[in-house]
file entry.tsv (TSV, C-alpha atoms)
chain	number	residue	atom	x	y	z
A	1	MET	CA	8.00	-14.16	-8.99
A	2	LYS	CA	6.48	-13.71	-5.54
A	3	ILE	CA	5.61	-10.17	-4.48
A	4	LEU	CA	4.78	-9.48	-0.84
A	5	PHE	CA	2.66	-6.40	-0.20
A	6	VAL	CA	2.03	-5.02	3.30
A	7	GLY	CA	-0.84	-2.66	4.09
A	8	ASP	CA	-0.71	0.85	5.57
A	9	VAL	CA	1.78	1.15	8.44
A	10	VAL	CA	0.09	3.33	11.08
A	11	GLY	CA	2.20	5.16	13.64
A	12	LYS	CA	4.86	3.99	16.05
A	13	ILE	CA	3.03	0.75	16.76
A	14	GLY	CA	2.79	0.10	13.02
A	15	LEU	CA	6.54	0.45	12.65
A	16	GLU	CA	7.14	-1.83	15.63
A	17	THR	CA	4.67	-4.38	14.23
A	18	LEU	CA	6.44	-4.33	10.87
A	19	GLU	CA	9.82	-4.80	12.51
A	20	ASN	CA	8.46	-7.69	14.54
A	21	TYR	CA	6.56	-9.59	11.85
A	22	LEU	CA	7.99	-8.73	8.44
A	23	PRO	CA	11.24	-10.72	8.84
A	24	GLN	CA	9.21	-13.78	9.92
A	25	ILE	CA	6.79	-13.37	7.02
A	26	LYS	CA	9.61	-13.01	4.50
A	27	GLN	CA	11.36	-16.06	5.87
A	28	ARG	CA	8.22	-18.11	5.23
A	29	VAL	CA	7.10	-16.54	1.94
A	30	LYS	CA	10.55	-15.97	0.41
A	31	PRO	CA	9.39	-13.12	-1.84
A	32	GLN	CA	11.55	-11.66	-4.58
A	33	LEU	CA	10.07	-8.20	-3.97
A	34	THR	CA	8.54	-6.61	-0.87
A	35	ILE	CA	6.39	-3.46	-1.00
A	36	VAL	CA	5.06	-1.63	2.07
A	37	ASN	CA	2.59	1.27	2.15
A	38	GLY	CA	4.11	3.79	4.58
A	39	GLU	CA	2.06	6.97	4.18
A	40	ASN	CA	0.68	6.78	7.76
A	41	ALA	CA	3.95	5.85	9.45
A	42	ASN	CA	4.57	9.08	11.35
A	43	GLY	CA	1.87	9.67	13.93
A	44	GLY	CA	-0.77	8.29	11.59
A	45	LYS	CA	-0.30	10.96	8.90
A	46	GLY	CA	2.75	11.28	6.71
A	47	ILE	CA	6.26	9.88	6.71
A	48	LYS	CA	9.71	11.18	7.67
A	49	VAL	CA	13.06	9.87	6.51
A	50	GLU	CA	13.63	7.99	9.76
A	51	ASP	CA	10.31	6.17	9.25
A	52	TYR	CA	11.28	5.31	5.68
A	53	GLN	CA	14.60	3.95	6.91
A	54	ARG	CA	12.94	1.79	9.57
A	55	ILE	CA	10.54	0.36	6.98
A	56	GLN	CA	13.42	-0.35	4.63
A	57	VAL	CA	15.58	-1.98	7.33
A	58	ALA	CA	12.60	-4.12	8.35
A	59	GLY	CA	12.62	-5.59	4.84
A	60	ALA	CA	10.82	-3.34	2.33
A	61	ASP	CA	12.26	-2.83	-1.13
A	62	VAL	CA	9.73	-0.13	-2.10
A	63	VAL	CA	7.61	2.16	0.10
A	64	SER	CA	4.35	3.39	-1.45
A	65	GLY	CA	2.20	6.34	-0.40
A	66	GLY	CA	-1.23	7.90	-0.65
A	67	ASN	CA	-3.23	10.98	0.25
A	68	HIS	CA	-1.20	11.61	3.43
A	69	ILE	CA	2.19	11.54	1.70
A	70	TRP	CA	2.63	15.34	2.09
A	71	ASP	CA	1.43	15.61	5.70
A	72	LYS	CA	4.96	15.84	7.12
A	73	ARG	CA	6.86	18.62	5.40
A	74	GLU	CA	10.10	16.74	6.05
A	75	VAL	CA	9.13	14.37	3.24
A	76	MET	CA	10.34	17.07	0.86
A	77	ASP	CA	13.88	16.48	2.12
A	78	PHE	CA	14.06	13.00	0.62
A	79	ILE	CA	11.16	12.26	-1.72
A	80	ASP	CA	13.25	13.37	-4.73
A	81	ASP	CA	16.32	11.41	-3.64
A	82	PRO	CA	16.84	8.77	-6.39
A	83	SER	CA	18.41	6.42	-3.85
A	84	LYS	CA	15.14	6.33	-1.88
A	85	LYS	CA	12.57	3.93	-3.32
A	86	ILE	CA	9.52	5.86	-2.14
A	87	LEU	CA	6.38	6.63	-4.13
A	88	ARG	CA	3.59	9.19	-4.05
A	89	PRO	CA	0.41	8.87	-6.15
A	90	TYR	CA	1.21	9.26	-9.84
A	91	ASN	CA	-1.92	11.24	-10.64
A	92	TYR	CA	-1.20	14.47	-8.76
A	93	PRO	CA	-1.85	17.28	-11.26
A	94	GLY	CA	0.96	19.20	-12.89
A	95	LYS	CA	4.36	18.24	-14.24
A	96	ASN	CA	6.48	19.63	-11.40
A	97	VAL	CA	5.13	17.56	-8.51
A	98	PRO	CA	7.98	16.33	-6.27
A	99	GLY	CA	8.68	12.62	-6.14
A	100	ARG	CA	7.49	9.91	-8.50
A	101	GLY	CA	4.42	7.73	-8.87
A	102	CYS	CA	6.08	4.87	-10.71
A	103	ILE	CA	9.41	3.20	-10.07
A	104	GLU	CA	11.29	0.71	-12.22
A	105	ILE	CA	13.41	-1.92	-10.53
A	106	LYS	CA	15.18	-5.08	-11.62
A	107	VAL	CA	14.50	-8.34	-9.80
A	108	ASN	CA	16.73	-11.18	-10.98
A	109	GLN	CA	17.08	-9.42	-14.36
A	110	LYS	CA	13.30	-9.09	-14.66
A	111	LYS	CA	11.97	-5.55	-14.98
A	112	VAL	CA	9.21	-4.63	-12.51
A	113	TYR	CA	7.25	-1.39	-12.30
A	114	VAL	CA	5.62	-0.48	-9.00
A	115	ILE	CA	2.87	2.08	-9.58
A	116	ASN	CA	1.13	4.19	-6.93
A	117	MET	CA	-2.21	5.72	-7.97
A	118	GLN	CA	-4.93	7.48	-5.93
A	119	GLY	CA	-8.68	7.31	-6.35
A	120	ASN	CA	-11.04	10.27	-6.60
A	121	ALA	CA	-14.31	9.06	-5.07
A	122	LEU	CA	-14.85	10.60	-1.61
A	123	MET	CA	-11.25	11.82	-1.59
A	124	GLN	CA	-9.40	15.01	-2.43
A	125	PRO	CA	-9.96	15.41	-6.18
A	126	ILE	CA	-6.79	14.96	-8.22
A	127	ASP	CA	-6.32	13.82	-11.82
A	128	ASN	CA	-8.62	11.03	-13.01
A	129	PRO	CA	-6.80	7.74	-12.26
A	130	PHE	CA	-8.35	5.95	-15.25
A	131	TYR	CA	-6.96	8.52	-17.68
A	132	ALA	CA	-3.69	8.61	-15.74
A	133	PHE	CA	-3.23	4.89	-16.32
A	134	ASP	CA	-4.02	5.40	-20.00
A	135	GLU	CA	-1.25	8.00	-20.10
A	136	LEU	CA	1.32	6.02	-18.11
A	137	LEU	CA	1.04	2.40	-19.25
A	138	PRO	CA	1.95	2.94	-22.95
A	139	THR	CA	5.24	4.50	-21.80
A	140	LEU	CA	6.29	1.37	-19.88
A	141	ASP	CA	8.01	-1.76	-21.17
A	142	LYS	CA	5.30	-4.19	-22.30
A	143	ASP	CA	7.41	-7.15	-21.20
A	144	ALA	CA	7.66	-5.96	-17.59
A	145	ILE	CA	5.64	-6.90	-14.52
A	146	LYS	CA	3.41	-4.02	-13.36
A	147	PHE	CA	2.21	-3.94	-9.75
A	148	VAL	CA	-0.33	-1.29	-8.66
A	149	ASP	CA	-1.03	0.08	-5.18
A	150	PHE	CA	-4.41	1.77	-5.73
A	151	HIS	CA	-5.01	4.07	-2.77
A	152	ALA	CA	-8.75	4.75	-2.74
A	153	GLU	CA	-11.79	5.08	-0.49
A	154	THR	CA	-14.64	3.27	-2.21
A	155	THR	CA	-14.92	-0.39	-3.10
A	156	SER	CA	-16.68	0.48	-6.35
A	157	GLU	CA	-13.83	2.63	-7.66
A	158	LYS	CA	-11.29	-0.01	-6.68
A	159	ILE	CA	-13.18	-2.82	-8.39
A	160	ALA	CA	-13.70	-0.62	-11.45
A	161	ILE	CA	-9.96	0.05	-11.69
A	162	GLY	CA	-9.28	-3.67	-11.31
A	163	ASN	CA	-11.55	-4.40	-14.25
A	164	TYR	CA	-10.20	-1.50	-16.27
A	165	LEU	CA	-6.61	-2.72	-15.88
A	166	THR	CA	-7.27	-6.42	-16.43
A	167	GLY	CA	-4.67	-7.75	-18.84
A	168	ARG	CA	-2.74	-4.48	-18.68
A	169	VAL	CA	-1.05	-4.94	-15.30
A	170	SER	CA	-0.09	-7.95	-13.18
A	171	ALA	CA	-1.78	-6.90	-9.92
A	172	VAL	CA	-4.06	-4.21	-8.47
A	173	ILE	CA	-4.07	-4.11	-4.67
A	174	GLY	CA	-6.16	-1.58	-2.76
A	175	THR	CA	-5.02	0.43	0.26
A	176	HIS	CA	-6.35	3.32	2.41
A	177	THR	CA	-9.41	1.91	4.22
A	178	HIS	CA	-7.32	-0.15	6.70
A	179	VAL	CA	-9.74	-3.11	6.79
A	180	GLN	CA	-8.72	-6.17	4.80
A	181	THR	CA	-11.36	-7.45	2.39
A	182	ASN	CA	-12.01	-11.09	1.55
A	183	ASP	CA	-12.16	-10.86	-2.24
A	184	ALA	CA	-8.68	-11.81	-3.44
A	185	HIS	CA	-8.97	-13.27	-6.93
A	186	ILE	CA	-7.57	-13.07	-10.44
A	187	PHE	CA	-9.43	-11.25	-13.19
A	188	ASN	CA	-9.56	-13.30	-16.41
A	189	LYS	CA	-6.55	-15.42	-15.32
A	190	GLU	CA	-4.43	-12.31	-15.82
A	191	THR	CA	-4.56	-9.64	-13.10
A	192	ALA	CA	-4.49	-10.32	-9.35
A	193	TYR	CA	-6.91	-8.18	-7.36
A	194	LEU	CA	-7.73	-7.37	-3.73
A	195	THR	CA	-9.99	-4.47	-2.73
A	196	ASP	CA	-7.98	-3.68	0.41
A	197	VAL	CA	-4.95	-5.37	1.93
A	198	GLY	CA	-5.62	-3.96	5.41
A	199	MET	CA	-3.32	-2.15	7.82
A	200	THR	CA	-0.33	-2.64	10.07
A	201	GLY	CA	-0.77	-1.17	13.53
A	202	SER	CA	-3.12	-1.40	16.50
A	203	TYR	CA	-5.55	-4.30	16.64
A	204	ASP	CA	-7.46	-2.63	19.49
A	205	GLY	CA	-8.14	0.81	18.01
A	206	ILE	CA	-10.41	1.89	15.16
A	207	LEU	CA	-8.48	1.88	11.89
A	208	GLY	CA	-5.30	2.20	13.95
A	209	VAL	CA	-6.29	5.14	16.12
A	210	LYS	CA	-7.70	5.35	19.65
A	211	LYS	CA	-11.38	4.45	19.93
A	212	GLU	CA	-12.67	7.14	22.27
A	213	PRO	CA	-12.32	10.24	20.03
A	214	ILE	CA	-13.89	8.40	17.10
A	215	LEU	CA	-16.80	7.16	19.19
A	216	ASN	CA	-17.26	10.66	20.60
A	217	ARG	CA	-17.33	12.10	17.08
A	218	PHE	CA	-20.09	9.70	16.05
A	219	LEU	CA	-22.02	10.44	19.24
A	220	THR	CA	-21.71	14.25	19.18
A	221	GLN	CA	-20.94	15.10	15.52
A	222	ARG	CA	-18.26	17.47	16.85
A	223	PRO	CA	-14.59	17.49	15.79
A	224	ASN	CA	-12.21	15.43	17.88
A	225	LYS	CA	-8.46	15.06	17.73
A	226	PHE	CA	-7.55	11.55	16.60
A	227	GLU	CA	-4.47	9.86	18.05
A	228	VAL	CA	-2.72	6.68	16.99
A	229	ASP	CA	-3.39	3.81	19.38
A	230	ASP	CA	0.28	3.13	20.06
A	231	ASP	CA	-0.57	1.14	23.20
A	232	GLY	CA	-2.69	-1.41	21.36
A	233	ARG	CA	-1.83	-4.97	20.38
A	234	MET	CA	-0.16	-5.68	17.05
A	235	GLN	CA	-1.86	-6.45	13.75
A	236	ILE	CA	-0.42	-6.78	10.24
A	237	GLY	CA	-2.31	-7.16	6.96
A	238	PHE	CA	-0.58	-8.36	3.81
A	239	CYS	CA	-0.94	-10.37	0.63
A	240	VAL	CA	1.31	-12.52	-1.54
A	241	VAL	CA	1.00	-12.40	-5.32
A	242	ASP	CA	2.69	-15.06	-7.48
A	243	ILE	CA	3.34	-13.84	-11.03
A	244	ASN	CA	4.48	-15.79	-14.09
A	245	ASP	CA	7.75	-14.18	-15.25
A	246	GLN	CA	7.14	-15.20	-18.85
A	247	THR	CA	3.57	-13.98	-19.35
A	248	ASN	CA	3.46	-11.35	-16.55
A	249	ASN	CA	0.06	-12.79	-15.58
A	250	ALA	CA	-0.77	-13.53	-11.96
A	251	ARG	CA	-0.87	-17.21	-11.00
A	252	SER	CA	-2.24	-16.77	-7.47
A	253	ILE	CA	-3.02	-14.25	-4.75
A	254	HIS	CA	-3.46	-14.96	-1.04
A	255	ASN	CA	-4.31	-12.44	1.68
A	256	TYR	CA	-3.48	-12.76	5.38
A	257	VAL	CA	-3.93	-10.98	8.69
A	258	ILE	CA	-1.85	-11.70	11.78
A	259	ASN	CA	-3.27	-10.43	15.05
A	260	PRO	CA	-3.68	-11.66	18.66
A	261	ASP	CA	-6.73	-13.71	17.66
A	262	ASN	CA	-5.30	-15.10	14.42
A	263	LYS	CA	-1.71	-16.31	14.19
A	264	LYS	CA	-2.34	-19.27	11.88
A	265	PHE	CA	0.14	-17.96	9.30
A	266	LEU	CA	2.97	-18.33	11.80
A	267	ASP	CA	2.00	-21.83	13.00

call {"tool": "encode", "arguments": {"input": "entry.tsv", "output": "structure tokens"}}
result
Amino acid sequence: MKILFVGDVVGKIGLETLENYLPQIKQRVKPQLTIVNGENANGGKGIKVEDYQRIQVAGADVVSGGNHIWDKREVMDFIDDPSKKILRPYNYPGKNVPGRGCIEIKVNQKKVYVINMQGNALMQPIDNPFYAFDELLPTLDKDAIKFVDFHAETTSEKIAIGNYLTGRVSAVIGTHTHVQTNDAHIFNKETAYLTDVGMTGSYDGILGVKKEPILNRFLTQRPNKFEVDDDGRMQIGFCVVDINDQTNNARSIHNYVINPDNKKFLD
């Protein structure tokens, strides 16, 4: 089974980039499942139902989230809708948190779990993700594929989770930092891993937002209002994980970025 995973969609330009490139990517990759992180889709922070629908129409089967999932209050209007395949991090504390952090779907009669989990290092502290995985995984079908979007800030925590879950899940792919890393590999011939898949949005900004306010913040150490660089050129970061349906172990993982200076994937 091929699973296509697309990194954080940032703002209006991110949605337009996804609509432009995702159909082309899917035509070439021919994935059985497509997952897109959409927590930054609306103005760079949060997601509304119209953003979810655009991501779905563009070709996503599941939309994952992260620390900005609650930033648009309108998310409460649809995050509990069972017909919407949208995730928020599993490890929010308490039993009455809206939405879900794990979704079960069938792909050609094969059961797949898509899991969204958030890190703690240098982020808003929520429940420990290591213990959260220990709680969740025993409740899932052992014969199913398990794909993890680990939304975290530090490379060390991401790599630690990858090691911790080796042999327990099929893939651990990092999101949140918006810069694709060059460390795609398979732990112990079992679990595919990538520290960060990158972002989908402006190639010309800084992490998808306009450069000037960020530069001014570094220069003055004063707060600045960040705005999505919706006038920039398009960039999309993604990876393709091939998983053995019989063993649930990853066979390969390849990461790609398409931007104005690198369109090799489309050649």

call {"tool": "closest_residue", "arguments": {"input": "entry.tsv", "among": "A:Ile253, A:Ile86, A:Ile3, A:Val10", "to": "A:Gln53", "atoms": "all atoms listed in the file"}}
result
A:Ile86

call {"tool": "atom_distance", "arguments": {"input": "entry.tsv", "atom1": "atom CA of A:Leu136", "atom2": "atom CA of A:Arg168"}}
result
11.3 Å

call {"tool": "residues_around", "arguments": {"input": "entry.tsv", "residues": "A:Gly66", "least_positions_apart": "5", "cutoff": "10 Å", "atoms": "only C-alpha atoms", "output": "VMD selection string"}}
result
chain A and resid 8 37 to 40 46 87 to 90 101 116 to 119 149 to 152 175 to 176

call {"tool": "atom_distance", "arguments": {"input": "entry.tsv", "atom1": "atom CA of A:Ile47", "atom2": "atom CA of A:Arg100"}}
result
15.3 Å

call {"tool": "closest_residue", "arguments": {"input": "entry.tsv", "among": "A:Asp127, A:Asp51, A:Asp143, A:Glu227", "to": "A:Asp245", "atoms": "only C-alpha atoms"}}
result
A:Asp143

call {"tool": "atom_distance", "arguments": {"input": "entry.tsv", "atom1": "atom CA of A:Tyr164", "atom2": "atom CA of A:Cys102"}}
result
18.3 Å

call {"tool": "residues_around", "arguments": {"input": "entry.tsv", "residues": "A:Ile145", "least_positions_apart": "5", "cutoff": "9 Å", "atoms": "all atoms listed in the file", "output": "mmCIF file with C-alpha atoms, in the coordinates of the input"}}
result
data_model
loop_
_atom_site.group_PDB
_atom_site.id
_atom_site.type_symbol
_atom_site.label_atom_id
_atom_site.label_comp_id
_atom_site.auth_asym_id
_atom_site.auth_seq_id
_atom_site.Cartn_x
_atom_site.Cartn_y
_atom_site.Cartn_z
ATOM 1 C CA LYS A 110 13.300 -9.090 -14.660
ATOM 2 C CA LYS A 111 11.970 -5.550 -14.980
ATOM 3 C CA VAL A 112 9.210 -4.630 -12.510
ATOM 4 C CA TYR A 113 7.250 -1.390 -12.300
ATOM 5 C CA VAL A 114 5.620 -0.480 -9.000
ATOM 6 C CA VAL A 169 -1.050 -4.940 -15.300
ATOM 7 C CA SER A 170 -0.090 -7.950 -13.180
ATOM 8 C CA ALA A 171 -1.780 -6.900 -9.920
ATOM 9 C CA ILE A 243 3.340 -13.840 -11.030
ATOM 10 C CA ASN A 244 4.480 -15.790 -14.090
ATOM 11 C CA ASP A 245 7.750 -14.180 -15.250
ATOM 12 C CA THR A 247 3.570 -13.980 -19.350
ATOM 13 C CA ASN A 248 3.460 -11.350 -16.550
ATOM 14 C CA ASN A 249 0.060 -12.790 -15.580
#

call {"tool": "axis_aligned_box", "arguments": {"input": "entry.tsv", "around": "stretch 171-185 of chain A", "padding_each_side": "8 Å", "output": "AutoDock Vina command-line options"}}
result
--center_x -7.0 --center_y -5.0 --center_z -1.6 --size_x 26.4 --size_y 32.6 --size_z 32.7

call {"tool": "closest_residue", "arguments": {"input": "entry.tsv", "among": "A:Ala144, A:Ile236, A:Val107, A:Ile126", "to": "A:Leu18", "atoms": "only C-alpha atoms"}}
result
A:Ile236

call {"tool": "residues_near_point", "arguments": {"input": "entry.tsv", "point": "(-11.7, -8.7, -12.9)", "cutoff": "6 Å", "atoms": "all atoms listed in the file", "output": "list in words"}}
result
Gly162, Asn163 and Phe187 of chain A

call {"tool": "closest_residue", "arguments": {"input": "entry.tsv", "among": "A:Gln56, A:Asn20, A:Asn108, A:Thr195", "to": "A:Gln32", "atoms": "all atoms listed in the file"}}
result
A:Asn108

call {"tool": "closest_residue", "arguments": {"input": "entry.tsv", "among": "A:His178, A:Lys225, A:Lys189, A:Lys142", "to": "A:Leu207", "atoms": "all atoms listed in the file"}}
result
A:His178

call {"tool": "residues_near_point", "arguments": {"input": "entry.tsv", "point": "(2.9, -18.1, -3.6)", "cutoff": "12 Å", "atoms": "only C-alpha atoms", "output": "list in words"}}
result
Met1, Lys2, Ile3, Leu4, Lys26, Arg28, Val29, Lys30, Pro31, Gln32, Cys239, Val240, Val241, Asp242, Ile243, Asn244, Ala250, Arg251, Ser252, Ile253, His254 and Asn255 of chain A

call {"tool": "residues_around", "arguments": {"input": "entry.tsv", "residues": "A:Glu19", "least_positions_apart": "4", "cutoff": "12 Å", "atoms": "only C-alpha atoms", "output": "list in words"}}
result
Val9, Lys12, Ile13, Gly14, Leu15, Pro23, Gln24, Ile25, Lys26, Val36, Asp51, Gln53, Arg54, Ile55, Gln56, Val57, Ala58, Gly59, Ala60, Thr200, Gly201, Met234, Gln235 and Ile236 of chain A

call {"tool": "decode", "arguments": {"input": "entry.tsv", "residues": "stretch 194-222 of chain A", "atoms": "N, CA and C atoms", "output": "PDB file, in the first residue's frame"}}
result
ATOM      1  N   LEU A 194      10.486  10.096   9.023  1.00  0.00           N
ATOM      2  CA  LEU A 194      10.975  11.353   8.478  1.00  0.00           C
ATOM      3  C   LEU A 194      10.743  12.420   9.532  1.00  0.00           C
ATOM      4  N   THR A 195      11.789  13.158   9.898  1.00  0.00           N
ATOM      5  CA  THR A 195      11.667  14.136  10.979  1.00  0.00           C
ATOM      6  C   THR A 195      10.651  15.214  10.653  1.00  0.00           C
ATOM      7  N   ASP A 196      10.660  15.746   9.433  1.00  0.00           N
ATOM      8  CA  ASP A 196       9.625  16.705   9.041  1.00  0.00           C
ATOM      9  C   ASP A 196       9.395  16.638   7.540  1.00  0.00           C
ATOM     10  N   VAL A 197       8.139  16.594   7.160  1.00  0.00           N
ATOM     11  CA  VAL A 197       7.768  16.457   5.751  1.00  0.00           C
ATOM     12  C   VAL A 197       7.737  17.802   5.033  1.00  0.00           C
ATOM     13  N   GLY A 198       7.818  18.906   5.802  1.00  0.00           N
ATOM     14  CA  GLY A 198       7.822  20.218   5.172  1.00  0.00           C
ATOM     15  C   GLY A 198       6.439  20.841   5.139  1.00  0.00           C
ATOM     16  N   MET A 199       6.278  21.860   4.296  1.00  0.00           N
ATOM     17  CA  MET A 199       5.016  22.615   4.270  1.00  0.00           C
ATOM     18  C   MET A 199       4.533  22.819   2.846  1.00  0.00           C
ATOM     19  N   THR A 200       3.287  23.267   2.752  1.00  0.00           N
ATOM     20  CA  THR A 200       2.662  23.582   1.474  1.00  0.00           C
ATOM     21  C   THR A 200       2.175  25.019   1.555  1.00  0.00           C
ATOM     22  N   GLY A 201       2.825  25.888   0.784  1.00  0.00           N
ATOM     23  CA  GLY A 201       2.491  27.307   0.858  1.00  0.00           C
ATOM     24  C   GLY A 201       3.505  28.144   0.116  1.00  0.00           C
ATOM     25  N   SER A 202       3.887  29.276   0.692  1.00  0.00           N
ATOM     26  CA  SER A 202       4.769  30.224   0.018  1.00  0.00           C
ATOM     27  C   SER A 202       6.234  29.788   0.061  1.00  0.00           C
ATOM     28  N   TYR A 203       6.835  29.749  -1.092  1.00  0.00           N
ATOM     29  CA  TYR A 203       8.262  29.459  -1.215  1.00  0.00           C
ATOM     30  C   TYR A 203       9.098  30.682  -0.839  1.00  0.00           C
ATOM     31  N   ASP A 204       8.512  31.870  -0.919  1.00  0.00           N
ATOM     32  CA  ASP A 204       9.272  33.112  -0.758  1.00  0.00           C
ATOM     33  C   ASP A 204       9.224  33.688   0.650  1.00  0.00           C
ATOM     34  N   GLY A 205       8.331  33.209   1.493  1.00  0.00           N
ATOM     35  CA  GLY A 205       8.245  33.726   2.856  1.00  0.00           C
ATOM     36  C   GLY A 205       9.194  32.992   3.787  1.00  0.00           C
ATOM     37  N   ILE A 206       8.937  33.126   5.079  1.00  0.00           N
ATOM     38  CA  ILE A 206       9.670  32.386   6.112  1.00  0.00           C
ATOM     39  C   ILE A 206       8.660  31.480   6.802  1.00  0.00           C
ATOM     40  N   LEU A 207       8.795  30.194   6.566  1.00  0.00           N
ATOM     41  CA  LEU A 207       7.860  29.195   7.101  1.00  0.00           C
ATOM     42  C   LEU A 207       6.426  29.473   6.669  1.00  0.00           C
ATOM     43  N   GLY A 208       6.286  30.112   5.497  1.00  0.00           N
ATOM     44  CA  GLY A 208       4.958  30.355   4.936  1.00  0.00           C
ATOM     45  C   GLY A 208       4.393  31.729   5.204  1.00  0.00           C
ATOM     46  N   VAL A 209       5.055  32.521   6.035  1.00  0.00           N
ATOM     47  CA  VAL A 209       4.551  33.863   6.324  1.00  0.00           C
ATOM     48  C   VAL A 209       5.499  34.916   5.755  1.00  0.00           C
ATOM     49  N   LYS A 210       5.020  36.174   5.709  1.00  0.00           N
ATOM     50  CA  LYS A 210       5.810  37.242   5.126  1.00  0.00           C
ATOM     51  C   LYS A 210       7.111  37.458   5.909  1.00  0.00           C
ATOM     52  N   LYS A 211       8.168  37.781   5.187  1.00  0.00           N
ATOM     53  CA  LYS A 211       9.497  37.870   5.791  1.00  0.00           C
ATOM     54  C   LYS A 211       9.683  39.069   6.723  1.00  0.00           C
ATOM     55  N   GLU A 212       9.138  40.210   6.329  1.00  0.00           N
ATOM     56  CA  GLU A 212       9.472  41.455   7.020  1.00  0.00           C
ATOM     57  C   GLU A 212       9.147  41.441   8.520  1.00  0.00           C
ATOM     58  N   PRO A 213       7.950  41.037   8.931  1.00  0.00           N
ATOM     59  CA  PRO A 213       7.666  41.033  10.379  1.00  0.00           C
ATOM     60  C   PRO A 213       8.570  40.088  11.164  1.00  0.00           C
ATOM     61  N   ILE A 214       8.935  38.965  10.560  1.00  0.00           N
ATOM     62  CA  ILE A 214       9.812  38.023  11.258  1.00  0.00           C
ATOM     63  C   ILE A 214      11.212  38.611  11.389  1.00  0.00           C
ATOM     64  N   LEU A 215      11.714  39.194  10.306  1.00  0.00           N
ATOM     65  CA  LEU A 215      13.031  39.830  10.376  1.00  0.00           C
ATOM     66  C   LEU A 215      13.037  40.959  11.401  1.00  0.00           C
ATOM     67  N   ASN A 216      11.956  41.740  11.419  1.00  0.00           N
ATOM     68  CA  ASN A 216      11.869  42.845  12.377  1.00  0.00           C
ATOM     69  C   ASN A 216      11.839  42.336  13.815  1.00  0.00           C
ATOM     70  N   ARG A 217      11.192  41.194  14.019  1.00  0.00           N
ATOM     71  CA  ARG A 217      11.153  40.621  15.368  1.00  0.00           C
ATOM     72  C   ARG A 217      12.552  40.223  15.824  1.00  0.00           C
ATOM     73  N   PHE A 218      13.306  39.586  14.927  1.00  0.00           N
ATOM     74  CA  PHE A 218      14.676  39.198  15.281  1.00  0.00           C
ATOM     75  C   PHE A 218      15.564  40.422  15.508  1.00  0.00           C
ATOM     76  N   LEU A 219      15.317  41.489  14.747  1.00  0.00           N
ATOM     77  CA  LEU A 219      16.144  42.681  14.865  1.00  0.00           C
ATOM     78  C   LEU A 219      15.806  43.515  16.094  1.00  0.00           C
ATOM     79  N   THR A 220      14.537  43.544  16.501  1.00  0.00           N
ATOM     80  CA  THR A 220      14.111  44.441  17.577  1.00  0.00           C
ATOM     81  C   THR A 220      13.691  43.721  18.846  1.00  0.00           C
ATOM     82  N   GLN A 221      13.424  42.397  18.750  1.00  0.00           N
ATOM     83  CA  GLN A 221      12.919  41.617  19.883  1.00  0.00           C
ATOM     84  C   GLN A 221      11.569  42.127  20.374  1.00  0.00           C
ATOM     85  N   ARG A 222      10.832  42.825  19.486  1.00  0.00           N
ATOM     86  CA  ARG A 222       9.494  43.296  19.829  1.00  0.00           C
ATOM     87  C   ARG A 222       8.454  42.488  19.077  1.00  0.00           C
TER      88      ARG A 222
END
